[in-house]
$ cat structure.cif   # mmCIF, C-alpha atoms
data_final
#
loop_
_atom_site.label_atom_id
_atom_site.label_comp_id
_atom_site.auth_asym_id
_atom_site.auth_seq_id
_atom_site.Cartn_x
_atom_site.Cartn_y
_atom_site.Cartn_z
CA MET O 1 -2.77 -28.31 -42.35
CA LEU O 2 -2.08 -25.74 -39.70
CA ALA O 3 1.30 -24.31 -38.86
CA SER O 4 2.54 -23.81 -35.36
CA LEU O 5 1.64 -20.67 -33.43
CA ALA O 6 2.01 -17.57 -35.53
CA CYS O 7 1.31 -15.08 -32.76
CA GLN O 8 0.29 -15.03 -29.13
CA PRO O 9 -2.12 -12.18 -28.39
CA ARG O 10 -2.27 -11.11 -24.76
CA SER O 11 -4.78 -9.35 -22.57
CA ARG O 12 -3.74 -6.74 -20.02
CA PHE O 13 -5.15 -6.18 -16.54
CA GLU O 14 -4.32 -4.17 -13.45
CA VAL O 15 -4.50 -4.91 -9.73
CA ALA O 16 -4.54 -1.76 -7.60
CA THR O 17 -4.83 -0.92 -3.90
CA TYR O 18 -8.24 0.13 -2.63
CA GLY O 19 -9.17 0.03 1.05
CA PHE O 20 -11.39 1.19 3.88
CA ASP O 21 -11.39 4.94 4.55
CA PRO O 22 -13.44 6.22 7.51
CA ASP O 23 -13.27 9.77 6.12
CA LEU O 24 -15.96 8.64 3.67
CA CYS O 25 -18.51 7.83 6.39
CA GLY O 26 -21.78 9.59 5.63
CA ILE O 27 -20.93 10.41 2.01
CA GLY O 28 -19.52 7.21 0.48
CA SER O 29 -17.16 6.97 -2.46
CA ASP O 30 -19.70 5.82 -5.07
CA PRO O 31 -23.48 5.49 -5.67
CA ASN O 32 -23.51 2.31 -3.55
CA GLY O 33 -22.20 4.10 -0.46
CA SER O 34 -18.90 2.23 -0.44
CA LEU O 35 -16.26 3.29 2.08
CA THR O 36 -13.29 2.30 -0.08
CA GLN O 37 -10.76 4.69 -1.56
CA ALA O 38 -7.48 4.40 -3.43
CA GLY O 39 -4.72 3.26 -1.08
CA LEU O 40 -4.75 1.88 2.45
CA ARG O 41 -4.96 4.29 5.36
CA VAL O 42 -2.00 4.24 7.75
CA PRO O 43 -2.88 4.31 11.48
CA LYS O 44 -2.00 7.51 13.28
CA ALA O 45 -0.27 5.73 16.19
CA PRO O 46 3.45 6.45 15.69
CA SER O 47 6.11 3.80 15.35
CA GLY O 48 8.95 3.78 17.83
CA PRO O 49 11.13 1.57 19.98
CA ALA O 50 9.36 -0.97 22.17
CA GLY O 51 8.39 0.69 25.43
CA GLY O 52 8.60 4.09 23.77
CA GLY O 53 5.67 5.47 25.72
CA ALA O 54 1.89 5.60 25.64
CA GLY O 55 0.44 5.36 22.14
CA VAL O 56 3.72 4.36 20.49
CA ILE O 57 3.70 1.22 18.33
CA GLY O 58 6.96 -0.68 18.66
CA ALA O 59 6.98 -1.95 15.08
CA ARG O 60 6.64 -1.08 11.42
CA TYR O 61 3.21 -1.47 9.83
CA LEU O 62 3.15 -4.14 7.10
CA PHE O 63 0.70 -3.59 4.23
CA GLN O 64 -0.16 -6.20 1.62
CA CYS O 65 -0.96 -3.70 -1.14
CA CYS O 66 -1.51 -5.91 -4.20
CA THR O 67 -1.74 -9.68 -4.55
CA VAL O 68 -1.97 -11.71 -7.76
CA ARG O 69 -2.29 -15.50 -7.60
CA LEU O 70 -0.02 -17.20 -10.14
CA PRO O 71 -1.58 -20.21 -11.84
CA PRO O 72 0.78 -23.09 -12.62
CA ASN O 73 1.70 -23.63 -16.26
CA ARG O 74 0.05 -20.35 -17.32
CA PRO O 75 2.68 -17.62 -17.17
CA LEU O 76 1.86 -13.98 -16.58
CA TRP O 77 4.07 -11.05 -17.56
CA LEU O 78 4.53 -8.16 -15.18
CA VAL O 79 4.80 -5.13 -17.49
CA GLY O 80 4.26 -2.20 -15.14
CA MET O 81 3.80 -1.06 -11.57
CA ALA O 82 3.17 2.05 -9.48
CA GLU O 83 3.52 3.20 -5.88
CA LEU O 84 1.22 5.46 -3.87
CA LEU O 85 2.19 7.38 -0.71
CA THR O 86 0.62 10.48 0.82
CA MET O 87 1.03 12.96 3.67
CA TYR O 88 -2.12 13.67 5.65
CA GLU O 89 -3.46 15.87 8.42
CA ASP O 90 -6.95 16.21 9.86
CA THR O 91 -7.02 19.93 10.61
CA ALA O 92 -10.03 19.37 12.89
CA ASP O 93 -7.98 16.87 14.94
CA GLY O 94 -10.67 14.21 14.83
CA THR O 95 -13.56 16.45 15.89
CA PRO O 96 -16.48 16.16 13.44
CA PRO O 97 -16.81 17.48 10.87
CA ILE O 98 -13.32 16.33 9.91
CA GLN O 99 -11.24 18.58 7.68
CA PRO O 100 -8.53 16.41 6.07
CA VAL O 101 -5.78 17.75 3.84
CA GLU O 102 -3.60 15.36 1.86
CA LYS O 103 -0.54 15.56 -0.39
CA LEU O 104 0.76 13.00 -2.85
CA ILE O 105 4.45 12.33 -2.15
CA GLY O 106 6.67 12.26 -5.24
CA ARG O 107 3.99 13.75 -7.45
CA SER O 108 5.13 13.49 -11.07
CA GLY O 109 6.80 16.70 -12.19
CA SER O 110 6.52 18.42 -8.82
CA GLY O 111 7.67 16.40 -5.86
CA ASP O 112 10.53 14.51 -4.29
CA PRO O 113 10.18 10.74 -4.85
CA ARG O 114 12.73 10.14 -2.05
CA TYR O 115 11.01 12.29 0.58
CA HIS O 116 10.44 10.92 4.07
CA PHE O 117 9.74 12.51 7.43
CA VAL O 118 12.90 12.98 9.46
CA ASP O 119 11.78 10.27 11.91
CA ALA O 120 9.93 7.93 9.52
CA THR O 121 10.40 5.84 6.39
CA VAL O 122 8.47 3.72 3.91
CA SER O 123 9.82 0.82 1.87
CA PHE O 124 8.18 -1.16 -0.93
CA HIS O 125 8.78 -4.86 -1.58
CA LEU O 126 7.82 -6.82 -4.71
CA ARG O 127 7.96 -10.51 -3.83
CA HIS O 128 7.12 -13.91 -5.27
CA VAL O 129 5.60 -15.84 -2.36
CA ARG O 130 5.91 -19.42 -3.51
CA SER O 131 4.22 -21.03 -0.50
CA VAL O 132 1.06 -19.03 0.09
CA PRO O 133 -0.06 -19.23 3.73
CA TYR O 134 -3.45 -20.78 4.34
CA PRO O 135 -4.42 -19.89 7.93
CA LEU O 136 -6.84 -22.45 9.29
CA TRP O 137 -10.38 -21.11 9.66
CA ALA O 138 -10.36 -22.16 13.31
CA ASN O 139 -7.36 -19.90 13.88
CA GLN O 140 -8.86 -16.82 12.24
CA ASN O 141 -8.57 -13.76 14.44
CA VAL O 142 -11.70 -12.00 15.68
CA LEU O 143 -10.00 -8.66 14.98
CA THR O 144 -9.99 -9.30 11.22
CA SER O 145 -12.16 -6.62 9.61
CA GLN O 146 -12.35 -4.53 6.44
CA SER O 147 -8.80 -3.89 5.14
CA PHE O 148 -7.32 -5.31 8.37
CA VAL O 149 -6.50 -9.02 8.16
CA TRP O 150 -4.61 -11.58 10.20
CA ARG O 151 -1.36 -12.69 8.50
CA TRP O 152 -2.43 -12.98 4.85
CA SER O 153 -4.99 -11.40 2.54
CA ASP O 154 -5.80 -11.83 -1.14
CA SER O 155 -7.25 -8.30 -1.10
CA PRO O 156 -5.43 -5.12 -0.03
CA ALA O 157 -5.02 -4.95 3.76
CA LEU O 158 -2.88 -4.00 6.72
CA VAL O 159 -1.84 -7.47 7.90
CA PHE O 160 -1.19 -8.19 11.56
CA GLU O 161 -0.02 -10.88 13.94
CA THR O 162 -1.43 -9.25 17.08
CA ALA O 163 -3.32 -6.03 17.70
CA THR O 164 -5.11 -4.27 20.55
CA PHE O 165 -7.94 -1.76 20.67
CA ALA O 166 -9.71 0.21 23.38
CA ALA O 167 -12.91 -1.58 24.48
CA GLY O 168 -15.01 1.31 23.22
CA ASP O 169 -13.65 0.83 19.68
CA LEU O 170 -14.83 -2.81 19.40
CA ASN O 171 -18.32 -3.93 18.47
CA TYR O 172 -20.31 -6.61 20.30
CA ASN O 173 -18.37 -9.33 18.47
CA GLY O 174 -15.04 -7.90 19.59
CA THR O 175 -14.25 -6.72 16.06
CA PRO O 176 -13.03 -3.17 15.37
CA ASP O 177 -15.22 -0.97 13.17
CA ASN O 178 -12.17 1.11 12.25
CA TYR O 179 -8.66 -0.36 12.38
CA LEU O 180 -7.14 3.13 12.49
CA THR O 181 -8.04 3.28 16.20
CA LEU O 182 -5.62 0.48 17.15
CA THR O 183 -3.51 0.97 20.28
CA GLY O 184 -1.10 -1.95 19.78
CA TYR O 185 0.22 -3.79 16.74
CA THR O 186 2.78 -6.40 15.71
CA PRO O 187 3.25 -7.48 12.07
CA PRO O 188 3.35 -11.07 10.83
CA TRP O 189 6.63 -12.66 9.74
CA ASN O 190 8.49 -10.46 12.27
CA GLY O 191 7.85 -7.56 9.92
CA GLN O 192 9.85 -9.14 7.08
CA PRO O 193 7.88 -9.35 3.82
CA PRO O 194 7.93 -13.01 2.77
CA GLY O 195 8.97 -14.33 -0.62
CA VAL O 196 11.84 -13.78 -3.01
CA ASP O 197 12.91 -10.65 -4.87
CA VAL O 198 11.22 -10.00 -8.23
CA GLY O 199 13.11 -8.12 -10.93
CA GLY O 200 15.33 -6.22 -8.54
CA PHE O 201 12.31 -4.65 -6.84
CA GLY O 202 12.53 -6.80 -3.71
CA THR O 203 13.19 -3.70 -1.57
CA PHE O 204 13.23 -0.04 -2.58
CA ASN O 205 12.68 3.17 -0.67
CA SER O 206 11.39 5.79 -3.08
CA ILE O 207 8.55 6.39 -5.51
CA GLU O 208 10.09 4.78 -8.59
CA HIS O 209 6.86 4.61 -10.64
CA PRO O 210 4.56 7.54 -9.74
CA TRP O 211 0.90 6.71 -9.15
CA ASP O 212 -0.25 9.76 -11.12
CA ASN O 213 1.89 9.20 -14.22
CA PRO O 214 0.98 6.16 -16.36
CA ALA O 215 3.82 7.00 -18.75
CA ALA O 216 6.36 6.26 -15.99
CA GLN O 217 4.87 2.94 -14.87
CA ALA O 218 6.19 0.60 -17.59
CA ILE O 219 8.99 -1.81 -16.72
CA GLU O 220 10.94 -4.41 -18.66
CA PRO O 221 8.51 -7.36 -18.80
CA ILE O 222 9.10 -10.03 -16.15
CA GLU O 223 7.68 -13.50 -16.71
CA MET O 224 5.97 -14.91 -13.61
CA SER O 225 4.95 -18.54 -13.21
CA GLY O 226 3.09 -20.31 -10.42
CA PRO O 227 2.57 -21.74 -8.00
CA GLY O 228 2.37 -18.96 -5.46
CA ALA O 229 1.48 -15.29 -5.57
CA LEU O 230 3.02 -12.03 -6.72
CA VAL O 231 2.73 -9.52 -3.89
CA LEU O 232 3.57 -5.84 -3.50
CA TYR O 233 4.18 -5.08 0.18
CA ALA O 234 4.79 -1.74 1.89
CA SER O 235 6.47 -1.40 5.27
CA VAL O 236 5.71 1.87 7.08
CA TRP O 237 7.45 3.41 10.08
CA GLN O 238 4.88 6.05 11.06
CA THR O 239 6.07 9.50 12.07
CA ASN O 240 5.54 11.07 15.51
CA PRO O 241 4.61 14.75 14.98
CA GLY O 242 4.89 15.50 18.67
CA ALA O 243 8.51 14.39 18.82
CA ARG O 244 10.00 15.16 15.41
CA GLY O 245 10.08 18.96 15.71
CA ALA O 246 8.65 21.54 13.35
CA VAL O 247 10.09 22.51 9.97
CA THR O 248 10.86 26.22 9.82
CA TRP O 249 11.91 28.34 6.85
CA PRO O 250 14.40 31.22 7.22
CA ALA O 251 12.56 34.55 7.07
CA MET O 252 14.63 35.76 4.13
CA MET O 253 13.94 32.64 2.03
CA PRO O 254 10.47 31.64 0.81
CA ALA O 255 9.46 27.99 0.66
CA ASP O 256 11.18 26.35 -2.30
CA PRO O 257 8.54 25.23 -4.86
CA GLN O 258 10.82 22.29 -5.65
CA LEU O 259 10.30 20.99 -2.08
CA PRO O 260 6.51 20.68 -1.87
CA GLU O 261 6.60 17.87 0.69
CA VAL O 262 8.78 19.92 3.02
CA ALA O 263 6.49 22.92 2.55
CA PHE O 264 3.47 20.75 3.42
CA ALA O 265 5.13 19.48 6.59
CA SER O 266 5.99 23.08 7.49
CA ALA O 267 2.41 24.29 6.98
CA PHE O 268 0.73 21.26 8.61
CA THR O 269 2.85 20.46 11.63
CA SER O 270 0.81 17.38 12.65
CA ALA O 271 1.10 15.73 9.23
CA ILE O 272 1.63 11.96 9.12
CA TYR O 273 1.80 9.29 6.45
CA GLY O 274 -1.81 9.15 5.28
CA ARG O 275 -2.19 6.25 2.87
CA VAL O 276 0.01 3.80 1.02
CA GLY O 277 -0.59 1.50 -1.92
CA GLY O 278 0.39 0.48 -5.37
CA LYS O 279 -0.55 -1.05 -8.68
CA LEU O 280 0.60 -4.08 -10.66
CA ILE O 281 0.04 -4.19 -14.43
CA LEU O 282 0.14 -7.65 -15.99
CA GLU O 283 -0.46 -9.42 -19.28
CA ARG O 284 -1.63 -12.96 -19.95
CA LYS O 285 -2.05 -15.03 -23.08
CA SER O 286 -5.59 -14.57 -24.36
CA GLY O 287 -5.34 -17.39 -26.88
CA ALA O 288 -3.31 -18.40 -29.85
CA VAL O 289 -3.96 -17.80 -33.51
CA GLN O 290 -3.15 -20.72 -35.80
CA VAL O 291 -2.61 -19.76 -39.42
CA PRO O 292 -2.86 -22.21 -42.35
CA ARG O 293 0.56 -22.92 -43.82
CA GLY O 294 1.41 -20.69 -46.72
CA MET O 295 -0.84 -17.82 -45.64
CA PRO O 296 0.72 -14.49 -44.51
#
$ encode --input "structure.cif" --output "structure tokens"
Amino acid sequence: MLASLACQPRSRFEVATYGFDPDLCGIGSDPNGSLTQAGLRVPKAPSGPAGGGAGVIGARYLFQCCTVRLPPNRPLWLVGMAELLTMYEDTADGTPPIQPVEKLIGRSGSGDPRYHFVDATVSFHLRHVRSVPYPLWANQNVLTSQSFVWRWSDSPALVFETATFAAGDLNYNGTPDNYLTLTGYTPPWNGQPPGVDVGGFGTFNSIEHPWDNPAAQAIEPIEMSGPGALVLYASVWQTNPGARGAVTWPAMMPADPQLPEVAFASAFTSAIYGRVGGKLILERKSGAVQVPRGMP
């Protein structure tokens, strides 16, 4: 006769942000010529008030960084997470060959996890979306393309309600080859990440769990049950290098090594938010071991 469950072994898996990166055109990121890289690229068009001038996007960009569907009656445990945010400048200013430089914000051991440009911010939002949207196929937007999806995506994407592109940046189907060239954008849900707060991480504004430090990514396990989806969103207000002013250091004081993000912005005066993303680490039951009564 068998006793009740003696132990419940679990398997662990990760869901991380990978997305389209046009900087990989011509070289690829793997032997298959993929154009995906860690994180989602943030469009260069700056955020600002509506009517803020040519090229200014009057909204925050909403990124659906990680999505995990939650099956009913089969709980998952969220045991870790991470956030990714970078500063970026193409020193060739878009003229091929491009010469990008990039800096990880809040790098473990050498960086400020709270850093933001003086005119820009990024917030992260871990939400349980209980009623997952199912946009009708007939309503799918022609602008949906790689890593750029209308309203909802099960894979990492910049989600949008409306968007505009110059005619020359659309293919014969009216679909953009590169969403980074957008000239207009509005987010779905009025820019408010849907769902309810998970574990007190519903909204936070700094790199709490550095992407480059697995030892700092563990959290107190949170049990998650379906229906719905567990989603890590990021909301980005993109900087405007032409309006924010340059960072200058006093001649008598060298750049402080404890302020690497500020030093980067000082050296690369056209730097913007480059990419954003995250990681969710989960465990699930992988089965149950039943032990005969009386055995250890």
$ closest_residue --input "structure.cif" --among "O:Cys25, O:Val159, O:Ile281, O:Leu180" --to "Arg12 in chain O" --atoms "all atoms listed in the file"
O:Ile281
$ residues_near_point --input "structure.cif" --point "(-9.1, -1.3, 22.1)" --cutoff "9 Å" --atoms "all atoms listed in the file" --output "list of chain:residue names"
O:Ala163, O:Thr164, O:Phe165, O:Ala166, O:Ala167, O:Gly168, O:Asp169, O:Leu170, O:Pro176, O:Thr181, O:Leu182, O:Thr183, O:Gly184
$ closest_atom_pairs --input "structure.cif" --of "range 110-158 of chain O" --to "range 85-103 of chain O" --cutoff "10 Å" --atoms "all atoms listed in the file" --output "Markdown table"
| residue | atom | partner | partner_atom | distance |
| --- | --- | --- | --- | --- |
| O:Gly111 | CA | O:Lys103 | CA | 9.9 |
| O:Pro113 | CA | O:Leu85 | CA | 9.6 |
| O:His116 | CA | O:Met87 | CA | 9.6 |
| O:Phe117 | CA | O:Met87 | CA | 9.5 |
| O:Val122 | CA | O:Leu85 | CA | 8.6 |
$ resolve_selection --input "structure.cif" --expression "the PyMOL selection byres ((chain O and resi 105) around 12)" --output "ChimeraX atom specification"
/O:83-88,102-104,106-117,122,206-212,259-265,272-277
$ atom_distance --input "structure.cif" --atom1 "CA of Leu143 in chain O" --atom2 "CA of Arg127 in chain O"
26.1 Å
$ atom_distance --input "structure.cif" --atom1 "CA of Tyr18 in chain O" --atom2 "CA of Ala38 in chain O"
4.4 Å
$ residues_near_point --input "structure.cif" --point "(-10.8, 3.2, 10.9)" --cutoff "12 Å" --atoms "all atoms listed in the file" --output "PDB file with C-alpha atoms, in the coordinates of the input"
ATOM      1  CA  GLY O  19      -9.170   0.030   1.050  1.00  0.00           C
ATOM      2  CA  PHE O  20     -11.390   1.190   3.880  1.00  0.00           C
ATOM      3  CA  ASP O  21     -11.390   4.940   4.550  1.00  0.00           C
ATOM      4  CA  PRO O  22     -13.440   6.220   7.510  1.00  0.00           C
ATOM      5  CA  ASP O  23     -13.270   9.770   6.120  1.00  0.00           C
ATOM      6  CA  LEU O  24     -15.960   8.640   3.670  1.00  0.00           C
ATOM      7  CA  CYS O  25     -18.510   7.830   6.390  1.00  0.00           C
ATOM      8  CA  LEU O  35     -16.260   3.290   2.080  1.00  0.00           C
ATOM      9  CA  THR O  36     -13.290   2.300  -0.080  1.00  0.00           C
ATOM     10  CA  LEU O  40      -4.750   1.880   2.450  1.00  0.00           C
ATOM     11  CA  ARG O  41      -4.960   4.290   5.360  1.00  0.00           C
ATOM     12  CA  VAL O  42      -2.000   4.240   7.750  1.00  0.00           C
ATOM     13  CA  PRO O  43      -2.880   4.310  11.480  1.00  0.00           C
ATOM     14  CA  LYS O  44      -2.000   7.510  13.280  1.00  0.00           C
ATOM     15  CA  GLY O  94     -10.670  14.210  14.830  1.00  0.00           C
ATOM     16  CA  SER O 145     -12.160  -6.620   9.610  1.00  0.00           C
ATOM     17  CA  GLN O 146     -12.350  -4.530   6.440  1.00  0.00           C
ATOM     18  CA  SER O 147      -8.800  -3.890   5.140  1.00  0.00           C
ATOM     19  CA  PHE O 148      -7.320  -5.310   8.370  1.00  0.00           C
ATOM     20  CA  LEU O 158      -2.880  -4.000   6.720  1.00  0.00           C
ATOM     21  CA  PHE O 165      -7.940  -1.760  20.670  1.00  0.00           C
ATOM     22  CA  ASP O 169     -13.650   0.830  19.680  1.00  0.00           C
ATOM     23  CA  LEU O 170     -14.830  -2.810  19.400  1.00  0.00           C
ATOM     24  CA  THR O 175     -14.250  -6.720  16.060  1.00  0.00           C
ATOM     25  CA  PRO O 176     -13.030  -3.170  15.370  1.00  0.00           C
ATOM     26  CA  ASP O 177     -15.220  -0.970  13.170  1.00  0.00           C
ATOM     27  CA  ASN O 178     -12.170   1.110  12.250  1.00  0.00           C
ATOM     28  CA  TYR O 179      -8.660  -0.360  12.380  1.00  0.00           C
ATOM     29  CA  LEU O 180      -7.140   3.130  12.490  1.00  0.00           C
ATOM     30  CA  THR O 181      -8.040   3.280  16.200  1.00  0.00           C
ATOM     31  CA  LEU O 182      -5.620   0.480  17.150  1.00  0.00           C
TER      32      LEU O 182
END
$ resolve_selection --input "structure.cif" --expression "the PyMOL selection byres ((chain O and resi 200) around 12)" --output "list in words"
Phe124, His125, Leu126, Arg127, His128, Val196, Asp197, Val198, Gly199, Phe201, Gly202, Thr203, Phe204, Ile219, Glu220 and Ile222 of chain O
$ write_last_selection --input "structure.cif" --atoms "C-alpha atoms" --output "compact mmCIF listing (two decimals), in the frame of the given file"
# COMPACT_ATOMS: atom_id res chain seq x y z
CA PHE O 124 8.18 -1.16 -0.93
CA HIS O 125 8.78 -4.86 -1.58
CA LEU O 126 7.82 -6.82 -4.71
CA ARG O 127 7.96 -10.51 -3.83
CA HIS O 128 7.12 -13.91 -5.27
CA VAL O 196 11.84 -13.78 -3.01
CA ASP O 197 12.91 -10.65 -4.87
CA VAL O 198 11.22 -10.00 -8.23
CA GLY O 199 13.11 -8.12 -10.93
CA PHE O 201 12.31 -4.65 -6.84
CA GLY O 202 12.53 -6.80 -3.71
CA THR O 203 13.19 -3.70 -1.57
CA PHE O 204 13.23 -0.04 -2.58
CA ILE O 219 8.99 -1.81 -16.72
CA GLU O 220 10.94 -4.41 -18.66
CA ILE O 222 9.10 -10.03 -16.15
$ closest_residue --input "structure.cif" --among "O:Val132, O:Leu282, O:Ala215, O:Leu70" --to "Leu230 in chain O" --atoms "all atoms listed in the file"
O:Leu70
$ resolve_selection --input "structure.cif" --expression "the PyMOL selection byres ((chain O and resi 243) around 12)" --output "PyMOL selection string"
chain O and resi 46-48+52-53+56+117-120+238-242+244-246+269-270
$ atom_distance --input "structure.cif" --atom1 "CA of Trp77 in chain O" --atom2 "CA of Ser225 in chain O"
8.7 Å
$ closest_residue --input "structure.cif" --among "O:Ala234, O:Ile27, O:Ala59, O:Cys66" --to "Ser153 in chain O" --atoms "all atoms listed in the file"
O:Cys66
$ residues_around --input "structure.cif" --residues "Glu14 in chain O" --least-positions-apart "5" --cutoff "10 Å" --atoms "all atoms listed in the file" --output "PyMOL selection string"
chain O and resi 66+68+78+80-81+279-283
$ closest_residue --input "structure.cif" --among "O:Met224, O:Gln37, O:Ala82, O:Tyr61" --to "Arg284 in chain O" --atoms "only C-alpha atoms"
O:Met224
$ closest_residue --input "structure.cif" --among "O:Gly26, O:Pro156, O:Gly195, O:Pro75" --to "Glu223 in chain O" --atoms "all atoms listed in the file"
O:Pro75
